[in-house]
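Asks: Please find one structure pasted underneath; my questions will follow.
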Amino acid sequence: MLISLPPTTSRVRVAIWRKLKRMGAVSLKGAAWILPEDRETTEQFQWLMQEIESLKGEAALLHVNRIEPLEPEQIGALFQQDRAAEYQAVGRQCGAALAALARGGAPGADTVRRLKSKLAAAKRELDRIARIDYLRAPAGDKARELYEKAAMKLGSASERPGKARIVKPDAMPPLRSRWVTRPRPHIDRIGTAWLIKRFYDPHARFTFAEDPKQVKQGVPFDVLGAEFGHHGEDCTFETVVKRLGLKDRRVRDIAEIVHEVDLQDGKFSRAESAGVDLALRGLAATHAGDRELLEAGMALFDSLYAATDVRR
């Protein structure tokens with residue numbers, strides 16, 4: 001995209017520059033900005049063109065196959081450099097958290113809360129960069145490793161002494177079991193039902209009861225004290241993921257979304273969480289029956305699984 005802004009306040013120029021950077025666009029000779037072409041990036045440029053024109057500036061969107069005298073590798077390197085700088089900034093934040101945890105002694109509650117907040121911000125930034133990391137910069141892997149290491153270490157440091165994680169046997173209930181949970185399911189119950197049907201038993205049946213433990217020949221889930229429920233820091237969805245031994249990256253991403261919405265403990269920070277929560281609340285408001293709500297919610301999880309970015 002070629003941009004020409006009228007002589008105006010620097011504030012307007014900086015605002016446009018920041019928006020281009022947030023898109024992941026790379027500058028060529030100041031007036032030209034480039035992005036890999038797809039439907040989403042084209043739409044982003046079109047919206048920005050409209051804004052620039054409203055400011056009495058000029059913008060032209062060009063579709064190009066080659067930029068002379070740059071080779072494709074040189075253009076790719078420009079994107080890699082910009083993303084690397086952003087990833088390295090996140091890596092420094094995570095490294096600082098690791099250093100704070102390595103200073104010796106169990107961290108106090110205030111320190112844990114402060115570090116959780118910092119890591120949550122780092123994760124939000126990591127997710128943002130990943131969405132515009134069109135060429136998958138190698139620096140991203142190192143930044144993610146540092147984040148995961150810091151998050152794991154912080155999780156261990158914040159566990160209460162003497163509160164051991166419950167280790168469950170590997171067995172799952174027989175196929176075609178009847179799973180029972182509480183009425184008006186929300187994200188953890190809907191997500192767990194979706195997980196069971198998609199990855200374990202497509203013929204599983206789901207029913208609802210005020211006291212699921214009293215239902216004969218039923219498998220209670222997401223119920224206090226149930227085998228398939230919350231254990232340690234895990235929500236029910238995470239418990240079932242571990243019991244099934246799933247390694248699917250998209251399932252792990254969805255598990256973080258479910259955990260954040262369900263527990264709100266600051267362990268994860270996913271940009272999608274608020275939207276998924278709102279969508280499920282909308283389904284609850286428009287589906288009076290629990291079965292209908294569950295079916296609609298599982299369809300939403302199918303869409304979420306399909307849309308989850310496997311590049312990260």
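By order in the structure tokens, chains are A, B, ...; within a chain, residues start at 1; ligands start at 1, following the order shown.
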Residues within 6 Å of range 14-31 of chain A, please, as a list in words. Count only C-alpha atoms; anything in the same chain fewer than 4 positions from it doesn't count.
Replies: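 Once the nearby chain positions are removed, what remains is Leu2, Ile3, Leu35 and Ile132 of chain A.
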Asks: Excluding Arg182 in chain A and any residue of its chain fewer than 6 positions from it, enumerate the residues within 8 Å of it, using only C-alpha atoms, and give them as number ranges by chain.
Replies: A: 208-212, 222-223
Asks: Please, which residues of range 194-291 of chain A, numbered as in this document, come out strand (DSSP E) from DSSP, as a ChimeraX atom specification?
Replies: /A:205-208,218-220
Asks: Any chance you can output those residues with N, CA and C atoms as a PDB file, in the first residue's frame?
Replies:
```
ATOM      1  N   ARG A 205     -23.637 -40.325  25.482  1.00  0.00           N
ATOM      2  CA  ARG A 205     -24.916 -39.650  25.738  1.00  0.00           C
ATOM      3  C   ARG A 205     -24.735 -38.688  26.913  1.00  0.00           C
ATOM      4  N   PHE A 206     -25.446 -37.573  26.863  1.00  0.00           N
ATOM      5  CA  PHE A 206     -25.314 -36.556  27.908  1.00  0.00           C
ATOM      6  C   PHE A 206     -26.697 -36.195  28.445  1.00  0.00           C
ATOM      7  N   THR A 207     -26.809 -36.218  29.772  1.00  0.00           N
ATOM      8  CA  THR A 207     -28.062 -35.839  30.419  1.00  0.00           C
ATOM      9  C   THR A 207     -27.749 -34.870  31.558  1.00  0.00           C
ATOM     10  N   PHE A 208     -28.810 -34.312  32.114  1.00  0.00           N
ATOM     11  CA  PHE A 208     -28.655 -33.276  33.136  1.00  0.00           C
ATOM     12  C   PHE A 208     -29.478 -33.628  34.366  1.00  0.00           C
ATOM     13  N   GLY A 218     -24.772 -43.574  35.615  1.00  0.00           N
ATOM     14  CA  GLY A 218     -24.317 -42.355  34.949  1.00  0.00           C
ATOM     15  C   GLY A 218     -22.891 -42.033  35.359  1.00  0.00           C
ATOM     16  N   VAL A 219     -22.189 -41.311  34.517  1.00  0.00           N
ATOM     17  CA  VAL A 219     -20.823 -40.872  34.819  1.00  0.00           C
ATOM     18  C   VAL A 219     -20.876 -39.368  35.091  1.00  0.00           C
ATOM     19  N   PRO A 220     -20.799 -38.958  36.357  1.00  0.00           N
ATOM     20  CA  PRO A 220     -20.867 -37.525  36.657  1.00  0.00           C
ATOM     21  C   PRO A 220     -19.627 -36.800  36.126  1.00  0.00           C
TER      22      PRO A 220
END
```
Asks: Do a neighbour search on Ala150 in chain A at 8 Å with only C-alpha atoms, toss out local chain neighbours closer than 5 positions, and write the hits as number ranges by chain.
Replies: A: 94-95, 97-98, 119
Asks: What would the file look like if the residues just selected were written as a PDB file, in the first residue's frame with C-alpha atoms?
Replies:
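part_7.pdb was written with the following content:
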```pdb
ATOM      1  CA  CYS A  94       9.597 -13.820  30.813  1.00  0.00           C
ATOM      2  CA  GLY A  95      13.303 -13.982  31.614  1.00  0.00           C
ATOM      3  CA  ALA A  97      10.026 -13.410  35.829  1.00  0.00           C
ATOM      4  CA  LEU A  98      12.246 -16.500  35.840  1.00  0.00           C
ATOM      5  CA  LEU A 119       3.113 -13.144  32.634  1.00  0.00           C
TER       6      LEU A 119
END
```
Asks: Between A:Thr111, A:Thr42, A:Thr236, A:Gln93, which is the closest to Ala143 in chain A once you count only C-alpha atoms?
Replies: A:Gln93
Asks: Taking only range 126-312 of chain A into account, list the residues labelled alpha helix (DSSP H) by DSSP (computed from the backbone), as a ChimeraX atom specification.
Replies: /A:126-131,139-158,187-199,236-244,249-263,273-286,290-307
Asks: Within 10 Å of Val240 in chain A, counting only C-alpha atoms, which residues show up once you throw out same-chain ones fewer than 4 positions away? Write them as a VMD selection string, please.
Replies: chain A and resid 172 192 to 193 195 to 196 200 221 227 to 230 234 to 236 244 to 246
Asks: Which residues are close to range 49-62 of chain A, i.e. within 7 Å by only C-alpha atoms, leaving aside same-chain residues fewer than 2 positions away? Reply as a list in words.
Replies: Met1, Leu2, Ile3, Ser4, Leu5, Pro6, Phe45, Gln46, Trp47 and Val64 of chain A
Asks: For N, CA and C atoms, I'd like the residues from the last selection saved as a PDB file, in the first residue's frame.
Replies:
```pdb
ATOM      1  N   MET A   1       0.855  -1.186   0.000  1.00  0.00           N
ATOM      2  CA  MET A   1       0.000   0.000   0.000  1.00  0.00           C
ATOM      3  C   MET A   1       0.890   1.235   0.000  1.00  0.00           C
ATOM      4  N   LEU A   2       0.553   2.198  -0.865  1.00  0.00           N
ATOM      5  CA  LEU A   2       1.258   3.475  -0.930  1.00  0.00           C
ATOM      6  C   LEU A   2       0.455   4.513  -0.161  1.00  0.00           C
ATOM      7  N   ILE A   3       1.136   5.277   0.686  1.00  0.00           N
ATOM      8  CA  ILE A   3       0.447   6.215   1.576  1.00  0.00           C
ATOM      9  C   ILE A   3       1.048   7.601   1.418  1.00  0.00           C
ATOM     10  N   SER A   4       0.186   8.589   1.386  1.00  0.00           N
ATOM     11  CA  SER A   4       0.613   9.981   1.407  1.00  0.00           C
ATOM     12  C   SER A   4      -0.311  10.735   2.348  1.00  0.00           C
ATOM     13  N   LEU A   5       0.248  11.238   3.438  1.00  0.00           N
ATOM     14  CA  LEU A   5      -0.549  11.982   4.419  1.00  0.00           C
ATOM     15  C   LEU A   5      -0.295  13.475   4.247  1.00  0.00           C
ATOM     16  N   PRO A   6      -1.333  14.293   4.428  1.00  0.00           N
ATOM     17  CA  PRO A   6      -1.160  15.745   4.288  1.00  0.00           C
ATOM     18  C   PRO A   6      -0.344  16.293   5.453  1.00  0.00           C
ATOM     19  N   PHE A  45      -5.985  -3.448   5.020  1.00  0.00           N
ATOM     20  CA  PHE A  45      -5.482  -2.323   4.243  1.00  0.00           C
ATOM     21  C   PHE A  45      -6.632  -1.467   3.694  1.00  0.00           C
ATOM     22  N   GLN A  46      -7.708  -2.105   3.271  1.00  0.00           N
ATOM     23  CA  GLN A  46      -8.843  -1.352   2.729  1.00  0.00           C
ATOM     24  C   GLN A  46      -9.477  -0.455   3.784  1.00  0.00           C
ATOM     25  N   TRP A  47      -9.621  -0.970   5.013  1.00  0.00           N
ATOM     26  CA  TRP A  47     -10.164  -0.145   6.086  1.00  0.00           C
ATOM     27  C   TRP A  47      -9.234   1.025   6.386  1.00  0.00           C
ATOM     28  N   VAL A  64       1.150  -6.981  -5.793  1.00  0.00           N
ATOM     29  CA  VAL A  64       2.413  -7.154  -6.519  1.00  0.00           C
ATOM     30  C   VAL A  64       2.948  -8.568  -6.331  1.00  0.00           C
TER      31      VAL A  64
END
```
Asks: Interatomic distance between CA of Ile190 in chain A and CA of Gly225 in chain A?
Replies: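 Separation between CA of Ile190 in chain A and CA of Gly225 in chain A: 18.6 Å.
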Asks: Record the distance separating CA of Pro72 in chain A and CA of Glu43 in chain A, expressed in Å with one decimal.
Replies: 23.2 Å
Asks: Measure the distance from CA of Val276 in chain A to CA of Ile129 in chain A in Å and round it to one decimal.
Replies: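 Interatomic distance here is 20.4 Å.
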Asks: Using only C-alpha atoms, pick whichever of A:Gly191, A:Gly297, A:Pro173, A:Pro138 has the shortest atom-to-atom distance to Phe237 in chain A.
Replies: A:Gly191
Asks: Skip Arg252 in chain A itself and residues of its chain fewer than 4 positions away, then list as a PyMOL selection string all residues within 12 Å of it, counting only C-alpha atoms.
Replies: chain A and resi 195+237-242+245-248+256-259+268+270+305+308-310+312
Asks: Could you please take those selected residues and save N, CA and C atoms as a PDB file, in the first residue's frame?
Replies:
```pdb
ATOM      1  N   LEU A 195     -15.326 -32.496  23.843  1.00  0.00           N
ATOM      2  CA  LEU A 195     -14.057 -33.234  23.865  1.00  0.00           C
ATOM      3  C   LEU A 195     -14.302 -34.742  23.862  1.00  0.00           C
ATOM      4  N   PHE A 237     -12.242 -29.829  31.697  1.00  0.00           N
ATOM      5  CA  PHE A 237     -11.752 -29.997  30.331  1.00  0.00           C
ATOM      6  C   PHE A 237     -10.299 -30.464  30.356  1.00  0.00           C
ATOM      7  N   GLU A 238      -9.469 -29.820  31.173  1.00  0.00           N
ATOM      8  CA  GLU A 238      -8.052 -30.193  31.251  1.00  0.00           C
ATOM      9  C   GLU A 238      -7.872 -31.589  31.842  1.00  0.00           C
ATOM     10  N   THR A 239      -8.712 -31.934  32.813  1.00  0.00           N
ATOM     11  CA  THR A 239      -8.654 -33.281  33.390  1.00  0.00           C
ATOM     12  C   THR A 239      -8.882 -34.338  32.316  1.00  0.00           C
ATOM     13  N   VAL A 240      -9.898 -34.139  31.480  1.00  0.00           N
ATOM     14  CA  VAL A 240     -10.217 -35.119  30.439  1.00  0.00           C
ATOM     15  C   VAL A 240      -9.134 -35.136  29.356  1.00  0.00           C
ATOM     16  N   VAL A 241      -8.576 -33.978  29.028  1.00  0.00           N
ATOM     17  CA  VAL A 241      -7.469 -33.938  28.065  1.00  0.00           C
ATOM     18  C   VAL A 241      -6.324 -34.829  28.540  1.00  0.00           C
ATOM     19  N   LYS A 242      -5.992 -34.726  29.823  1.00  0.00           N
ATOM     20  CA  LYS A 242      -4.898 -35.538  30.369  1.00  0.00           C
ATOM     21  C   LYS A 242      -5.259 -37.012  30.409  1.00  0.00           C
ATOM     22  N   GLY A 245      -4.846 -38.343  27.105  1.00  0.00           N
ATOM     23  CA  GLY A 245      -3.483 -38.250  26.596  1.00  0.00           C
ATOM     24  C   GLY A 245      -3.385 -37.486  25.288  1.00  0.00           C
ATOM     25  N   LEU A 246      -4.249 -36.490  25.103  1.00  0.00           N
ATOM     26  CA  LEU A 246      -4.270 -35.742  23.848  1.00  0.00           C
ATOM     27  C   LEU A 246      -3.080 -34.789  23.747  1.00  0.00           C
ATOM     28  N   LYS A 247      -2.434 -34.784  22.590  1.00  0.00           N
ATOM     29  CA  LYS A 247      -1.289 -33.910  22.339  1.00  0.00           C
ATOM     30  C   LYS A 247      -1.588 -32.870  21.266  1.00  0.00           C
ATOM     31  N   ASP A 248      -2.808 -32.840  20.789  1.00  0.00           N
ATOM     32  CA  ASP A 248      -3.227 -31.911  19.737  1.00  0.00           C
ATOM     33  C   ASP A 248      -3.018 -30.470  20.209  1.00  0.00           C
ATOM     34  N   GLU A 256      -6.720 -23.797  27.265  1.00  0.00           N
ATOM     35  CA  GLU A 256      -6.352 -22.548  27.928  1.00  0.00           C
ATOM     36  C   GLU A 256      -7.521 -21.565  27.942  1.00  0.00           C
ATOM     37  N   ILE A 257      -8.275 -21.530  26.840  1.00  0.00           N
ATOM     38  CA  ILE A 257      -9.442 -20.641  26.775  1.00  0.00           C
ATOM     39  C   ILE A 257     -10.483 -21.071  27.806  1.00  0.00           C
ATOM     40  N   VAL A 258     -10.769 -22.377  27.850  1.00  0.00           N
ATOM     41  CA  VAL A 258     -11.755 -22.894  28.808  1.00  0.00           C
ATOM     42  C   VAL A 258     -11.309 -22.603  30.235  1.00  0.00           C
ATOM     43  N   HIS A 259     -10.038 -22.856  30.526  1.00  0.00           N
ATOM     44  CA  HIS A 259      -9.501 -22.618  31.875  1.00  0.00           C
ATOM     45  C   HIS A 259      -9.674 -21.150  32.266  1.00  0.00           C
ATOM     46  N   PHE A 268      -3.663 -18.324  32.502  1.00  0.00           N
ATOM     47  CA  PHE A 268      -3.548 -18.130  31.067  1.00  0.00           C
ATOM     48  C   PHE A 268      -4.158 -16.795  30.682  1.00  0.00           C
ATOM     49  N   ARG A 270      -5.789 -15.550  27.100  1.00  0.00           N
ATOM     50  CA  ARG A 270      -6.097 -15.781  25.690  1.00  0.00           C
ATOM     51  C   ARG A 270      -7.016 -14.668  25.187  1.00  0.00           C
ATOM     52  N   TYR A 305     -12.347 -25.021  17.101  1.00  0.00           N
ATOM     53  CA  TYR A 305     -11.249 -25.944  16.793  1.00  0.00           C
ATOM     54  C   TYR A 305     -10.754 -25.729  15.366  1.00  0.00           C
ATOM     55  N   THR A 308      -8.794 -22.307  15.257  1.00  0.00           N
ATOM     56  CA  THR A 308      -7.632 -22.086  16.112  1.00  0.00           C
ATOM     57  C   THR A 308      -6.364 -22.109  15.280  1.00  0.00           C
ATOM     58  N   ASP A 309      -5.516 -21.114  15.500  1.00  0.00           N
ATOM     59  CA  ASP A 309      -4.308 -20.928  14.704  1.00  0.00           C
ATOM     60  C   ASP A 309      -3.294 -22.009  15.024  1.00  0.00           C
ATOM     61  N   VAL A 310      -3.058 -22.937  14.070  1.00  0.00           N
ATOM     62  CA  VAL A 310      -2.121 -24.029  14.313  1.00  0.00           C
ATOM     63  C   VAL A 310      -0.675 -23.581  14.108  1.00  0.00           C
ATOM     64  N   ARG A 312       0.866 -21.349  15.850  1.00  0.00           N
ATOM     65  CA  ARG A 312       1.510 -20.936  17.084  1.00  0.00           C
ATOM     66  C   ARG A 312       2.168 -22.131  17.765  1.00  0.00           C
TER      67      ARG A 312
END
```
Asks: Nearest to Lys123 in chain A: which of A:Arg103, A:Arg11, A:His203, A:Arg144 is it, counting only C-alpha atoms?
Replies: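 Of the candidates, the smallest distance to Lys123 in chain A is held by A:Arg144.
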Asks: Ranking A:Gly289, A:Pro183, A:Pro174, A:Gly155 by minimum distance to Ala204 in chain A and counting only C-alpha atoms, which one comes first?
Replies: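 Between A:Gly289, A:Pro183, A:Pro174, A:Gly155, the residue approaching Ala204 in chain A most closely is A:Pro174.
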